[in-house]
file protein-v5.pdb (PDB, C-alpha atoms)
ATOM      1  CA  MET A   1      11.837  14.339  15.977
ATOM      2  CA  LYS A   2       9.151  16.108  13.974
ATOM      3  CA  THR A   3       6.589  13.833  12.450
ATOM      4  CA  ALA A   4       3.659  14.534  10.155
ATOM      5  CA  VAL A   5       0.763  12.097   9.964
ATOM      6  CA  ILE A   6      -1.269  12.523   6.784
ATOM      7  CA  VAL A   7      -5.061  12.458   7.053
ATOM      8  CA  PHE A   8      -7.124  11.519   3.995
ATOM      9  CA  PRO A   9     -10.901  11.308   3.918
ATOM     10  CA  GLY A  10     -11.420   7.700   5.040
ATOM     11  CA  SER A  11      -8.189   7.346   7.032
ATOM     12  CA  ASN A  12      -9.026   5.584  10.301
ATOM     13  CA  CYS A  13      -5.662   4.694  11.834
ATOM     14  CA  ASP A  14      -4.288   8.241  11.747
ATOM     15  CA  ARG A  15      -4.888   8.970  15.428
ATOM     16  CA  ASP A  16      -3.558   5.563  16.533
ATOM     17  CA  MET A  17      -0.422   6.200  14.494
ATOM     18  CA  ALA A  18      -0.022   9.670  16.016
ATOM     19  CA  VAL A  19      -0.368   8.207  19.545
ATOM     20  CA  ALA A  20       2.316   5.592  18.795
ATOM     21  CA  PHE A  21       4.707   8.250  17.464
ATOM     22  CA  GLU A  22       3.996  10.488  20.480
ATOM     23  CA  ALA A  23       4.561   7.634  22.918
ATOM     24  CA  ALA A  24       8.002   7.228  21.331
ATOM     25  CA  GLY A  25       8.794  10.887  21.974
ATOM     26  CA  CYS A  26       7.999  12.394  18.564
ATOM     27  CA  ASP A  27       6.231  15.725  18.007
ATOM     28  CA  VAL A  28       3.309  14.969  15.743
ATOM     29  CA  GLU A  29       1.362  17.248  13.447
ATOM     30  CA  MET A  30      -1.685  16.021  11.573
ATOM     31  CA  VAL A  31      -1.619  17.153   7.942
ATOM     32  CA  TRP A  32      -4.744  17.280   5.747
ATOM     33  CA  HIS A  33      -4.594  15.782   2.265
ATOM     34  CA  LYS A  34      -5.437  19.081   0.558
ATOM     35  CA  ASP A  35      -2.367  20.802   1.997
ATOM     36  CA  THR A  36       0.290  21.252  -0.636
ATOM     37  CA  ALA A  37       3.316  21.331   1.659
ATOM     38  CA  LEU A  38       4.526  19.530   4.784
ATOM     39  CA  PRO A  39       5.172  21.658   7.894
ATOM     40  CA  GLN A  40       8.728  23.020   8.166
ATOM     41  CA  GLY A  41      11.439  20.721   9.504
ATOM     42  CA  ILE A  42       9.604  17.405   9.224
ATOM     43  CA  ASP A  43      11.874  14.347   9.626
ATOM     44  CA  MET A  44       9.287  11.614   9.293
ATOM     45  CA  VAL A  45       5.963  11.288   7.496
ATOM     46  CA  GLY A  46       3.434   8.666   8.585
ATOM     47  CA  VAL A  47       0.889   7.521   6.009
ATOM     48  CA  PRO A  48      -1.807   5.774   8.048
ATOM     49  CA  GLY A  49      -4.154   2.897   7.461
ATOM     50  CA  GLY A  50      -7.814   3.150   6.599
ATOM     51  CA  PHE A  51      -9.866   3.429   3.458
ATOM     52  CA  SER A  52      -8.682   6.649   1.834
ATOM     53  CA  PHE A  53     -11.284   7.911  -0.637
ATOM     54  CA  GLY A  54     -13.365   4.807   0.017
ATOM     55  CA  ASP A  55     -10.840   2.628  -1.844
ATOM     56  CA  TYR A  56     -12.437   3.983  -5.041
ATOM     57  CA  LEU A  57     -10.735   2.983  -8.315
ATOM     58  CA  ARG A  58      -7.925   1.068  -6.523
ATOM     59  CA  CYS A  59      -6.832   1.121  -2.880
ATOM     60  CA  GLY A  60      -4.606   4.161  -2.413
ATOM     61  CA  ALA A  61      -4.821   5.374  -6.021
ATOM     62  CA  ILE A  62      -6.730   8.608  -5.412
ATOM     63  CA  ALA A  63      -4.755   9.403  -2.247
ATOM     64  CA  ALA A  64      -1.479   8.881  -4.119
ATOM     65  CA  ASN A  65      -2.523  11.662  -6.490
ATOM     66  CA  SER A  66      -3.679  14.087  -3.786
ATOM     67  CA  PRO A  67      -1.834  17.415  -3.332
ATOM     68  CA  ILE A  68      -0.029  16.394  -0.122
ATOM     69  CA  CYS A  69       1.341  13.243  -1.709
ATOM     70  CA  ARG A  70       3.408  15.302  -4.132
ATOM     71  CA  ALA A  71       5.050  16.842  -1.053
ATOM     72  CA  VAL A  72       5.484  13.407   0.554
ATOM     73  CA  VAL A  73       7.197  12.089  -2.589
ATOM     74  CA  ALA A  74       9.483  15.148  -2.670
ATOM     75  CA  HIS A  75      10.284  14.614   1.043
ATOM     76  CA  ALA A  76      11.228  10.978   0.365
ATOM     77  CA  GLU A  77      13.252  11.877  -2.720
ATOM     78  CA  ALA A  78      15.198  14.391  -0.625
ATOM     79  CA  GLY A  79      16.126  11.588   1.793
ATOM     80  CA  GLY A  80      13.277  12.009   4.294
ATOM     81  CA  TYR A  81      11.744   9.140   6.237
ATOM     82  CA  VAL A  82       8.276   7.807   5.386
ATOM     83  CA  LEU A  83       6.339   5.041   7.129
ATOM     84  CA  GLY A  84       3.247   3.697   5.354
ATOM     85  CA  VAL A  85       1.040   1.205   7.178
ATOM     86  CA  CYS A  86      -1.713  -0.845   5.513
ATOM     87  CA  ASN A  87      -3.596   1.639   3.305
ATOM     88  CA  GLY A  88      -0.476   3.794   3.721
ATOM     89  CA  PHE A  89       1.592   1.014   2.103
ATOM     90  CA  GLN A  90      -0.939   0.858  -0.737
ATOM     91  CA  VAL A  91      -0.608   4.629  -1.183
ATOM     92  CA  LEU A  92       3.202   4.474  -1.246
ATOM     93  CA  ALA A  93       3.116   1.673  -3.830
ATOM     94  CA  GLU A  94       0.730   3.747  -5.964
ATOM     95  CA  THR A  95       3.076   6.760  -5.807
ATOM     96  CA  GLY A  96       5.931   4.571  -7.027
ATOM     97  CA  LEU A  97       8.060   5.290  -3.925
ATOM     98  CA  LEU A  98       7.932   1.540  -3.286
ATOM     99  CA  PRO A  99       7.848  -1.088  -6.045
ATOM    100  CA  GLY A 100       5.019  -3.535  -6.722
ATOM    101  CA  ALA A 101       1.326  -3.403  -5.839
ATOM    102  CA  LEU A 102      -1.130  -4.814  -3.302
ATOM    103  CA  LEU A 103      -3.710  -7.113  -4.870
ATOM    104  CA  ARG A 104      -6.933  -8.544  -3.460
ATOM    105  CA  ASN A 105      -6.170 -11.234  -0.831
ATOM    106  CA  ALA A 106      -5.767 -14.620  -2.515
ATOM    107  CA  GLY A 107      -8.617 -16.037  -0.399
ATOM    108  CA  ILE A 108     -10.847 -13.036  -1.329
ATOM    109  CA  LYS A 109     -11.826 -12.439   2.291
ATOM    110  CA  TYR A 110     -11.007  -9.416   4.404
ATOM    111  CA  ILE A 111      -8.618 -10.676   7.098
ATOM    112  CA  CYS A 112      -8.526  -9.162  10.582
ATOM    113  CA  ARG A 113      -6.315 -11.048  13.012
ATOM    114  CA  THR A 114      -2.866 -11.173  14.570
ATOM    115  CA  VAL A 115      -0.210 -12.846  12.434
ATOM    116  CA  GLY A 116       3.371 -13.970  12.929
ATOM    117  CA  LEU A 117       6.149 -12.003  11.226
ATOM    118  CA  ARG A 118       9.874 -12.490  10.836
ATOM    119  CA  VAL A 119      11.970  -9.320  11.033
ATOM    120  CA  GLU A 120      14.575  -9.123   8.279
ATOM    121  CA  GLY A 121      15.831  -6.083   6.364
ATOM    122  CA  GLU A 122      18.001  -3.678   8.308
ATOM    123  CA  SER A 123      16.581  -0.175   8.783
ATOM    124  CA  VAL A 124      15.832   2.423  11.458
ATOM    125  CA  TYR A 125      12.422   0.802  11.770
ATOM    126  CA  THR A 126      13.766  -2.656  12.578
ATOM    127  CA  GLN A 127      16.566  -1.560  14.959
ATOM    128  CA  GLY A 128      14.523  -2.501  17.990
ATOM    129  CA  TYR A 129      14.307  -6.121  16.856
ATOM    130  CA  LYS A 130      16.895  -8.862  16.540
ATOM    131  CA  ALA A 131      17.536  -9.982  12.952
ATOM    132  CA  GLY A 132      15.322 -12.970  12.266
ATOM    133  CA  GLU A 133      13.231 -12.360  15.391
ATOM    134  CA  GLU A 134       9.636 -13.548  15.222
ATOM    135  CA  ILE A 135       7.007 -11.093  16.374
ATOM    136  CA  ALA A 136       3.219 -10.830  16.176
ATOM    137  CA  LEU A 137       1.259  -7.883  14.765
ATOM    138  CA  PRO A 138      -2.374  -7.444  13.751
ATOM    139  CA  ILE A 139      -3.386  -7.249  10.118
ATOM    140  CA  ALA A 140      -6.721  -5.891   8.876
ATOM    141  CA  HIS A 141      -6.992  -5.717   5.112
ATOM    142  CA  HIS A 142      -8.754  -6.909   1.997
ATOM    143  CA  ASP A 143      -5.985  -6.027  -0.428
ATOM    144  CA  GLY A 144      -2.668  -7.019   1.089
ATOM    145  CA  ASN A 145      -1.483  -9.588  -1.400
ATOM    146  CA  TYR A 146       1.912  -8.189  -2.354
ATOM    147  CA  PHE A 147       2.733  -8.528  -6.037
ATOM    148  CA  ALA A 148       5.810  -7.596  -8.030
ATOM    149  CA  ASP A 149       7.497  -9.206 -11.031
ATOM    150  CA  ALA A 150      10.207 -11.799 -10.379
ATOM    151  CA  ALA A 151      13.059  -9.395 -11.191
ATOM    152  CA  THR A 152      11.748  -6.833  -8.671
ATOM    153  CA  LEU A 153      11.334  -9.525  -5.998
ATOM    154  CA  ASP A 154      14.884 -10.751  -6.651
ATOM    155  CA  THR A 155      16.201  -7.196  -6.297
ATOM    156  CA  LEU A 156      14.302  -6.665  -3.014
ATOM    157  CA  GLU A 157      15.780  -9.855  -1.596
ATOM    158  CA  ALA A 158      19.304  -9.283  -2.949
ATOM    159  CA  GLU A 159      19.341  -5.811  -1.377
ATOM    160  CA  ASN A 160      17.866  -7.112   1.893
ATOM    161  CA  ARG A 161      14.890  -4.772   1.500
ATOM    162  CA  VAL A 162      12.226  -7.173   2.792
ATOM    163  CA  ALA A 163      11.657  -5.713   6.263
ATOM    164  CA  PHE A 164       9.002  -8.179   7.423
ATOM    165  CA  ARG A 165       7.874 -11.574   6.174
ATOM    166  CA  TYR A 166       4.781 -13.547   7.215
ATOM    167  CA  THR A 167       5.653 -16.773   9.032
ATOM    168  CA  ASP A 168       2.345 -18.233   7.782
ATOM    169  CA  ASN A 169       1.280 -16.335   4.650
ATOM    170  CA  PRO A 170      -2.336 -15.165   5.191
ATOM    171  CA  ASN A 171      -3.038 -13.383   1.893
ATOM    172  CA  GLY A 172      -1.012 -14.893  -0.938
ATOM    173  CA  SER A 173       1.760 -12.287  -0.884
ATOM    174  CA  ALA A 174       4.690 -13.064  -3.160
ATOM    175  CA  ARG A 175       7.523 -14.659  -1.165
ATOM    176  CA  ASP A 176       5.568 -14.063   2.080
ATOM    177  CA  ILE A 177       6.381 -10.354   1.943
ATOM    178  CA  ALA A 178       4.619  -8.195   4.563
ATOM    179  CA  GLY A 179       6.776  -5.055   4.384
ATOM    180  CA  ILE A 180       9.446  -3.585   2.127
ATOM    181  CA  LEU A 181      12.024  -0.801   2.175
ATOM    182  CA  SER A 182      13.036   1.768  -0.438
ATOM    183  CA  PRO A 183      16.559   1.565  -1.912
ATOM    184  CA  ASN A 184      17.838   4.102   0.675
ATOM    185  CA  ARG A 185      16.006   2.110   3.442
ATOM    186  CA  ARG A 186      14.195   5.214   4.695
ATOM    187  CA  VAL A 187      10.761   4.478   3.259
ATOM    188  CA  LEU A 188       8.979   1.480   4.784
ATOM    189  CA  GLY A 189       5.631   0.147   3.619
ATOM    190  CA  MET A 190       4.002  -2.663   5.602
ATOM    191  CA  MET A 191       0.545  -4.241   5.759
ATOM    192  CA  PRO A 192       0.621  -5.206   9.493
ATOM    193  CA  HIS A 193      -0.275  -2.513  12.040
ATOM    194  CA  PRO A 194       2.526  -1.776  14.537
ATOM    195  CA  GLU A 195       0.472   1.111  15.978
ATOM    196  CA  ARG A 196      -2.216  -1.366  17.058
ATOM    197  CA  ALA A 197       0.313  -3.282  19.175
ATOM    198  CA  ALA A 198       2.070  -0.361  20.812
ATOM    199  CA  ASP A 199       0.594  -0.136  24.303
ATOM    200  CA  ALA A 200       0.205  -2.596  27.179
ATOM    201  CA  ALA A 201      -3.551  -2.036  26.925
ATOM    202  CA  HIS A 202      -3.453  -3.415  23.376
ATOM    203  CA  GLY A 203      -2.349  -6.745  24.819
ATOM    204  CA  ASN A 204       0.751  -6.733  22.620
ATOM    205  CA  THR A 205       3.658  -4.282  22.430
ATOM    206  CA  ASP A 206       5.633  -5.842  19.578
ATOM    207  CA  GLY A 207       4.804  -2.806  17.433
ATOM    208  CA  ALA A 208       6.026  -0.263  19.984
ATOM    209  CA  ARG A 209       9.642  -1.197  19.313
ATOM    210  CA  LEU A 210       9.311  -0.051  15.698
ATOM    211  CA  PHE A 211       8.541   3.472  16.918
ATOM    212  CA  ALA A 212      10.685   3.452  20.074
ATOM    213  CA  HIS A 213      14.021   3.694  18.289
ATOM    214  CA  LEU A 214      13.115   6.314  15.696
ATOM    215  CA  THR A 215      13.728   9.334  17.884
ATOM    216  CA  GLY A 216      17.228   8.282  18.928
ATOM    217  CA  VAL A 217      18.229   7.366  15.403
ATOM    218  CA  LEU A 218      17.037  10.594  13.852
ATOM    219  CA  GLN A 219      18.389  12.859  16.564
ATOM    220  CA  GLY A 220      21.761  11.183  16.178
ATOM    221  CA  ALA A 221      21.661  11.645  12.407
TER     222      ALA A 221
ATOM    223  CA  MET B   1     -17.450  12.867 -27.227
ATOM    224  CA  LYS B   2     -16.867   9.824 -25.123
ATOM    225  CA  ALA B   3     -14.102   7.358 -24.506
ATOM    226  CA  ARG B   4     -14.354   3.976 -22.908
ATOM    227  CA  VAL B   5     -11.372   2.547 -21.038
ATOM    228  CA  HIS B   6     -11.169  -1.171 -20.311
ATOM    229  CA  VAL B   7      -8.860  -2.060 -17.415
ATOM    230  CA  MET B   8      -7.882  -5.682 -16.827
ATOM    231  CA  LEU B   9      -5.398  -7.416 -14.550
ATOM    232  CA  LYS B  10      -2.435  -8.490 -16.658
ATOM    233  CA  GLN B  11      -2.073 -12.119 -17.659
ATOM    234  CA  GLY B  12      -0.168 -13.912 -14.918
ATOM    235  CA  VAL B  13      -1.574 -11.703 -12.148
ATOM    236  CA  LEU B  14      -3.839 -13.748  -9.892
ATOM    237  CA  ASP B  15      -7.490 -12.674 -10.107
ATOM    238  CA  PRO B  16      -9.208 -14.200  -7.050
ATOM    239  CA  GLN B  17     -12.478 -12.378  -7.804
ATOM    240  CA  GLY B  18     -12.616 -13.841 -11.307
ATOM    241  CA  GLU B  19     -11.869 -17.232  -9.786
ATOM    242  CA  ALA B  20     -14.760 -16.833  -7.313
ATOM    243  CA  VAL B  21     -17.109 -15.951 -10.180
ATOM    244  CA  ARG B  22     -15.950 -19.054 -12.066
ATOM    245  CA  HIS B  23     -16.722 -21.207  -9.016
ATOM    246  CA  ALA B  24     -20.151 -19.618  -8.650
ATOM    247  CA  LEU B  25     -20.971 -20.257 -12.312
ATOM    248  CA  GLY B  26     -19.935 -23.871 -11.830
ATOM    249  CA  SER B  27     -22.201 -24.270  -8.808
ATOM    250  CA  LEU B  28     -25.089 -22.809 -10.849
ATOM    251  CA  GLY B  29     -24.616 -25.688 -13.253
ATOM    252  CA  PHE B  30     -22.764 -23.858 -16.027
ATOM    253  CA  ASP B  31     -20.203 -26.468 -16.920
ATOM    254  CA  GLY B  32     -17.195 -25.739 -19.044
ATOM    255  CA  VAL B  33     -16.334 -22.259 -17.754
ATOM    256  CA  GLU B  34     -12.605 -22.703 -17.768
ATOM    257  CA  GLY B  35     -11.560 -19.263 -16.636
ATOM    258  CA  VAL B  36     -13.004 -15.887 -15.620
ATOM    259  CA  ARG B  37     -11.113 -12.624 -15.506
ATOM    260  CA  GLN B  38     -12.824  -9.614 -13.991
ATOM    261  CA  GLY B  39     -11.926  -6.059 -14.952
ATOM    262  CA  LYS B  40     -13.541  -2.651 -15.052
ATOM    263  CA  VAL B  41     -14.926  -0.320 -17.669
ATOM    264  CA  ILE B  42     -14.550   3.428 -17.211
ATOM    265  CA  GLU B  43     -16.583   5.787 -19.421
ATOM    266  CA  LEU B  44     -15.274   9.296 -19.876
ATOM    267  CA  ASP B  45     -17.324  12.262 -21.131
ATOM    268  CA  LEU B  46     -14.752  14.425 -22.857
ATOM    269  CA  ALA B  47     -14.549  17.865 -24.419
ATOM    270  CA  ASP B  48     -14.573  17.646 -28.226
ATOM    271  CA  GLY B  49     -11.127  17.260 -29.676
ATOM    272  CA  THR B  50      -9.617  15.384 -26.710
ATOM    273  CA  SER B  51      -7.032  13.088 -28.212
ATOM    274  CA  GLU B  52      -6.569   9.402 -27.607
ATOM    275  CA  ALA B  53      -3.033  10.262 -26.459
ATOM    276  CA  THR B  54      -4.489  12.391 -23.650
ATOM    277  CA  VAL B  55      -6.724   9.518 -22.567
ATOM    278  CA  GLY B  56      -3.633   7.304 -22.653
ATOM    279  CA  GLU B  57      -1.939   9.711 -20.264
ATOM    280  CA  MET B  58      -4.979   9.517 -17.942
ATOM    281  CA  CYS B  59      -4.632   5.731 -17.954
ATOM    282  CA  GLU B  60      -0.923   5.831 -17.207
ATOM    283  CA  LYS B  61      -1.277   8.390 -14.415
ATOM    284  CA  LEU B  62      -4.436   7.239 -12.668
ATOM    285  CA  LEU B  63      -6.965   4.951 -14.335
ATOM    286  CA  ALA B  64      -4.724   1.869 -14.469
ATOM    287  CA  ASN B  65      -1.841   0.706 -12.314
ATOM    288  CA  THR B  66       0.451  -0.593 -15.037
ATOM    289  CA  VAL B  67       2.387  -2.708 -12.538
ATOM    290  CA  ILE B  68      -0.587  -5.069 -12.415
ATOM    291  CA  GLU B  69      -3.110  -3.861 -14.998
ATOM    292  CA  SER B  70      -3.335  -3.379 -18.737
ATOM    293  CA  TYR B  71      -5.775  -1.014 -20.424
ATOM    294  CA  ARG B  72      -7.465  -0.586 -23.779
ATOM    295  CA  ILE B  73      -8.984   2.674 -25.005
ATOM    296  CA  GLU B  74     -12.046   2.934 -27.239
ATOM    297  CA  MET B  75     -12.746   6.413 -28.617
ATOM    298  CA  LEU B  76     -16.497   6.636 -29.263
TER     299      LEU B  76
END
call {"tool": "encode", "arguments": {"input": "protein-v5.pdb", "output": "structure tokens"}}
result
Amino acid sequence: MKTAVIVFPGSNCDRDMAVAFEAAGCDVEMVWHKDTALPQGIDMVGVPGGFSFGDYLRCGAIAANSPICRAVVAHAEAGGYVLGVCNGFQVLAETGLLPGALLRNAGIKYICRTVGLRVEGESVYTQGYKAGEEIALPIAHHDGNYFADAATLDTLEAENRVAFRYTDNPNGSARDIAGILSPNRRVLGMMPHPERAADAAHGNTDGARLFAHLTGVLQGA
Amino acid sequence: MKARVHVMLKQGVLDPQGEAVRHALGSLGFDGVEGVRQGKVIELDLADGTSEATVGEMCEKLLANTVIESYRIEML
């Protein structure tokens, strides 16, 4: 499977994300934000965590309007897969590929710790988990408080598009939402970091299973 | 010419920073501050003849996230 990981000025989880994709058997190309097109034949785009453009204006806002993001949106609209983690989720929300927005954490503080999550919505990303399984992944964010209006939240739940929910809400997110899927279930945005729990040396491999099943799924497609 | 854009979180969207400021004012002895909302002001230096509609487009596309924020434009 061919994967592109986007690099913005201020991205800091791009290499970790690339390592997690590679460990799962993907070919990874790093793509700079000023590029206007994705490499040929890309199946999956990873939008990594970090502080793109210093979080200026709003987290993810400048990145969402960068040249490469137009190509990422076109890729998603053509049915391509996109995984956005942390700042990557904020970027995807700013592009409108995913509904809602990420507000400042309800407790104001930056939170960096491992949290419990319940796996829900069905997707290629959650295939490696049992429905309803509880896992643990690290979070590290200041603006992870998921917000959307009630109608949008109802739609997400009715369509089973909540991929991950916090078991003990750390940041005030509406309905404990930690990650959501696009209507075609191919775009996933999530605040927790699966790539930081993807190797035995990390002390936790719950995140590895998110990546492990991608190659099989996409090669079978 | 200049334009000033005021961006605020919409009513009903939690503003924890405003809430922290309200607490701080209370602990400084300013009683009776019942609510604080914090926003931002963006000043634009514009070529003469730039229309308010163009500034509106800037707000919609970048300066505000209309999912959570409202904006008000002042042409100066």
call {"tool": "interface_residues", "arguments": {"input": "protein-v5.pdb", "of": "chain A", "to": "chain B", "cutoff": "8 Å", "atoms": "only C-alpha atoms", "output": "JSON, numbers by chain"}}
result
{"A": [57, 61, 62, 65, 94, 100, 101, 104, 105, 106, 107, 108, 147, 148]}
call {"tool": "residues_near_point", "arguments": {"input": "protein-v5.pdb", "point": "(-15.8, 11.0, -27.9)", "cutoff": "7 Å", "atoms": "all atoms listed in the file", "output": "list in words"}}
result
Met1, Lys2, Ala3, Leu46, Asp48, Met75 and Leu76 of chain B
call {"tool": "residues_around", "arguments": {"input": "protein-v5.pdb", "residues": "Ala74 (chain A)", "least_positions_apart": "2", "cutoff": "12 Å", "atoms": "only C-alpha atoms", "output": "VMD selection string"}}
result
chain A and resid 36 to 38 45 67 to 72 76 to 82 95 to 97
call {"tool": "residues_around", "arguments": {"input": "protein-v5.pdb", "residues": "region 171-175 of chain A", "least_positions_apart": "4", "cutoff": "10 Å", "atoms": "all atoms listed in the file", "output": "PDB file with C-alpha atoms, in the frame of the given file"}}
result
ATOM      1  CA  LEU A 102      -1.130  -4.814  -3.302  1.00  0.00           C
ATOM      2  CA  LEU A 103      -3.710  -7.113  -4.870  1.00  0.00           C
ATOM      3  CA  ARG A 104      -6.933  -8.544  -3.460  1.00  0.00           C
ATOM      4  CA  ASN A 105      -6.170 -11.234  -0.831  1.00  0.00           C
ATOM      5  CA  ALA A 106      -5.767 -14.620  -2.515  1.00  0.00           C
ATOM      6  CA  GLY A 107      -8.617 -16.037  -0.399  1.00  0.00           C
ATOM      7  CA  ILE A 108     -10.847 -13.036  -1.329  1.00  0.00           C
ATOM      8  CA  LYS A 109     -11.826 -12.439   2.291  1.00  0.00           C
ATOM      9  CA  TYR A 110     -11.007  -9.416   4.404  1.00  0.00           C
ATOM     10  CA  ILE A 111      -8.618 -10.676   7.098  1.00  0.00           C
ATOM     11  CA  HIS A 141      -6.992  -5.717   5.112  1.00  0.00           C
ATOM     12  CA  HIS A 142      -8.754  -6.909   1.997  1.00  0.00           C
ATOM     13  CA  ASP A 143      -5.985  -6.027  -0.428  1.00  0.00           C
ATOM     14  CA  GLY A 144      -2.668  -7.019   1.089  1.00  0.00           C
ATOM     15  CA  ASN A 145      -1.483  -9.588  -1.400  1.00  0.00           C
ATOM     16  CA  TYR A 146       1.912  -8.189  -2.354  1.00  0.00           C
ATOM     17  CA  PHE A 147       2.733  -8.528  -6.037  1.00  0.00           C
ATOM     18  CA  ALA A 148       5.810  -7.596  -8.030  1.00  0.00           C
ATOM     19  CA  ASP A 149       7.497  -9.206 -11.031  1.00  0.00           C
ATOM     20  CA  ALA A 150      10.207 -11.799 -10.379  1.00  0.00           C
ATOM     21  CA  LEU A 153      11.334  -9.525  -5.998  1.00  0.00           C
ATOM     22  CA  ASP A 154      14.884 -10.751  -6.651  1.00  0.00           C
ATOM     23  CA  GLU A 157      15.780  -9.855  -1.596  1.00  0.00           C
ATOM     24  CA  VAL A 162      12.226  -7.173   2.792  1.00  0.00           C
ATOM     25  CA  ARG A 165       7.874 -11.574   6.174  1.00  0.00           C
ATOM     26  CA  TYR A 166       4.781 -13.547   7.215  1.00  0.00           C
TER      27      TYR A 166
ATOM     28  CA  LEU B  14      -3.839 -13.748  -9.892  1.00  0.00           C
TER      29      LEU B  14
END
call {"tool": "resolve_selection", "arguments": {"input": "protein-v5.pdb", "expression": "the PyMOL selection byres ((chain B and resi 6) around 10)", "output": "compact mmCIF listing (two decimals) with C-alpha atoms, in the frame of the given file"}}
result
# COMPACT_ATOMS: atom_id res chain seq x y z
CA ALA B 3 -14.10 7.36 -24.51
CA ARG B 4 -14.35 3.98 -22.91
CA VAL B 5 -11.37 2.55 -21.04
CA VAL B 7 -8.86 -2.06 -17.42
CA MET B 8 -7.88 -5.68 -16.83
CA GLY B 39 -11.93 -6.06 -14.95
CA LYS B 40 -13.54 -2.65 -15.05
CA VAL B 41 -14.93 -0.32 -17.67
CA ILE B 42 -14.55 3.43 -17.21
CA GLU B 43 -16.58 5.79 -19.42
CA CYS B 59 -4.63 5.73 -17.95
CA LEU B 63 -6.96 4.95 -14.34
CA ALA B 64 -4.72 1.87 -14.47
CA SER B 70 -3.34 -3.38 -18.74
CA TYR B 71 -5.78 -1.01 -20.42
CA ARG B 72 -7.46 -0.59 -23.78
CA ILE B 73 -8.98 2.67 -25.00
CA GLU B 74 -12.05 2.93 -27.24
call {"tool": "residues_around", "arguments": {"input": "protein-v5.pdb", "residues": "Cys86 (chain A)", "least_positions_apart": "2", "cutoff": "9 Å", "atoms": "all atoms listed in the file", "output": "PDB file with C-alpha atoms, keeping the file's coordinate frame"}}
result
ATOM      1  CA  VAL A  47       0.889   7.521   6.009  1.00  0.00           C
ATOM      2  CA  PRO A  48      -1.807   5.774   8.048  1.00  0.00           C
ATOM      3  CA  GLY A  49      -4.154   2.897   7.461  1.00  0.00           C
ATOM      4  CA  GLY A  50      -7.814   3.150   6.599  1.00  0.00           C
ATOM      5  CA  GLY A  84       3.247   3.697   5.354  1.00  0.00           C
ATOM      6  CA  GLY A  88      -0.476   3.794   3.721  1.00  0.00           C
ATOM      7  CA  PHE A  89       1.592   1.014   2.103  1.00  0.00           C
ATOM      8  CA  GLN A  90      -0.939   0.858  -0.737  1.00  0.00           C
ATOM      9  CA  VAL A  91      -0.608   4.629  -1.183  1.00  0.00           C
ATOM     10  CA  ILE A 139      -3.386  -7.249  10.118  1.00  0.00           C
ATOM     11  CA  ALA A 140      -6.721  -5.891   8.876  1.00  0.00           C
ATOM     12  CA  HIS A 141      -6.992  -5.717   5.112  1.00  0.00           C
ATOM     13  CA  ASP A 143      -5.985  -6.027  -0.428  1.00  0.00           C
ATOM     14  CA  GLY A 144      -2.668  -7.019   1.089  1.00  0.00           C
ATOM     15  CA  GLY A 189       5.631   0.147   3.619  1.00  0.00           C
ATOM     16  CA  MET A 190       4.002  -2.663   5.602  1.00  0.00           C
ATOM     17  CA  MET A 191       0.545  -4.241   5.759  1.00  0.00           C
ATOM     18  CA  PRO A 192       0.621  -5.206   9.493  1.00  0.00           C
ATOM     19  CA  HIS A 193      -0.275  -2.513  12.040  1.00  0.00           C
TER      20      HIS A 193
END
call {"tool": "resolve_selection", "arguments": {"input": "protein-v5.pdb", "expression": "the PyMOL selection byres ((chain B and resi 37) around 6)", "output": "list in words"}}
result
Gly18, Val36 and Gln38 of chain B
call {"tool": "atom_distance", "arguments": {"input": "protein-v5.pdb", "atom1": "CA of Asn12 (chain A)", "atom2": "CA of Val85 (chain A)"}}
result
11.4 Å
call {"tool": "residues_around", "arguments": {"input": "protein-v5.pdb", "residues": "Phe53 (chain A)", "least_positions_apart": "2", "cutoff": "8 Å", "atoms": "all atoms listed in the file", "output": "JSON, numbers by chain"}}
result
{"A": [8, 9, 10, 51, 55, 56, 60, 62, 63]}
call {"tool": "atom_distance", "arguments": {"input": "protein-v5.pdb", "atom1": "CA of Leu137 (chain A)", "atom2": "CA of Arg118 (chain A)"}}
result
10.5 Å
call {"tool": "atom_distance", "arguments": {"input": "protein-v5.pdb", "atom1": "CA of Asn169 (chain A)", "atom2": "CA of Glu34 (chain B)"}}
result
27.1 Å
call {"tool": "resolve_selection", "arguments": {"input": "protein-v5.pdb", "expression": "the PyMOL selection byres ((chain A and resi 42) around 10)", "output": "list in words"}}
result
Met1, Lys2, Thr3, Ala4, Asp27, Val28, Glu29, Leu38, Pro39, Gln40, Gly41, Asp43, Met44, Val45, His75, Gly80 and Tyr81 of chain A
call {"tool": "axis_aligned_box", "arguments": {"input": "protein-v5.pdb", "around": "region 7-24 of chain B", "padding_each_side": "5 Å", "output": "AutoDock Vina command-line options"}}
result
--center_x -10.2 --center_y -11.6 --center_z -12.4 --size_x 30.0 --size_y 29.1 --size_z 20.6
call {"tool": "residues_around", "arguments": {"input": "protein-v5.pdb", "residues": "Pro99 (chain A)", "least_positions_apart": "6", "cutoff": "9 Å", "atoms": "all atoms listed in the file", "output": "list in words"}}
result
Leu92, Ala93, Ala148, Thr152, Ile180 and Ser182 of chain A; Val67 of chain B
call {"tool": "closest_residue", "arguments": {"input": "protein-v5.pdb", "among": "A:Val31, A:Ala20, A:Leu117, A:Leu181", "to": "Thr205 (chain A)", "atoms": "all atoms listed in the file"}}
result
A:Ala20
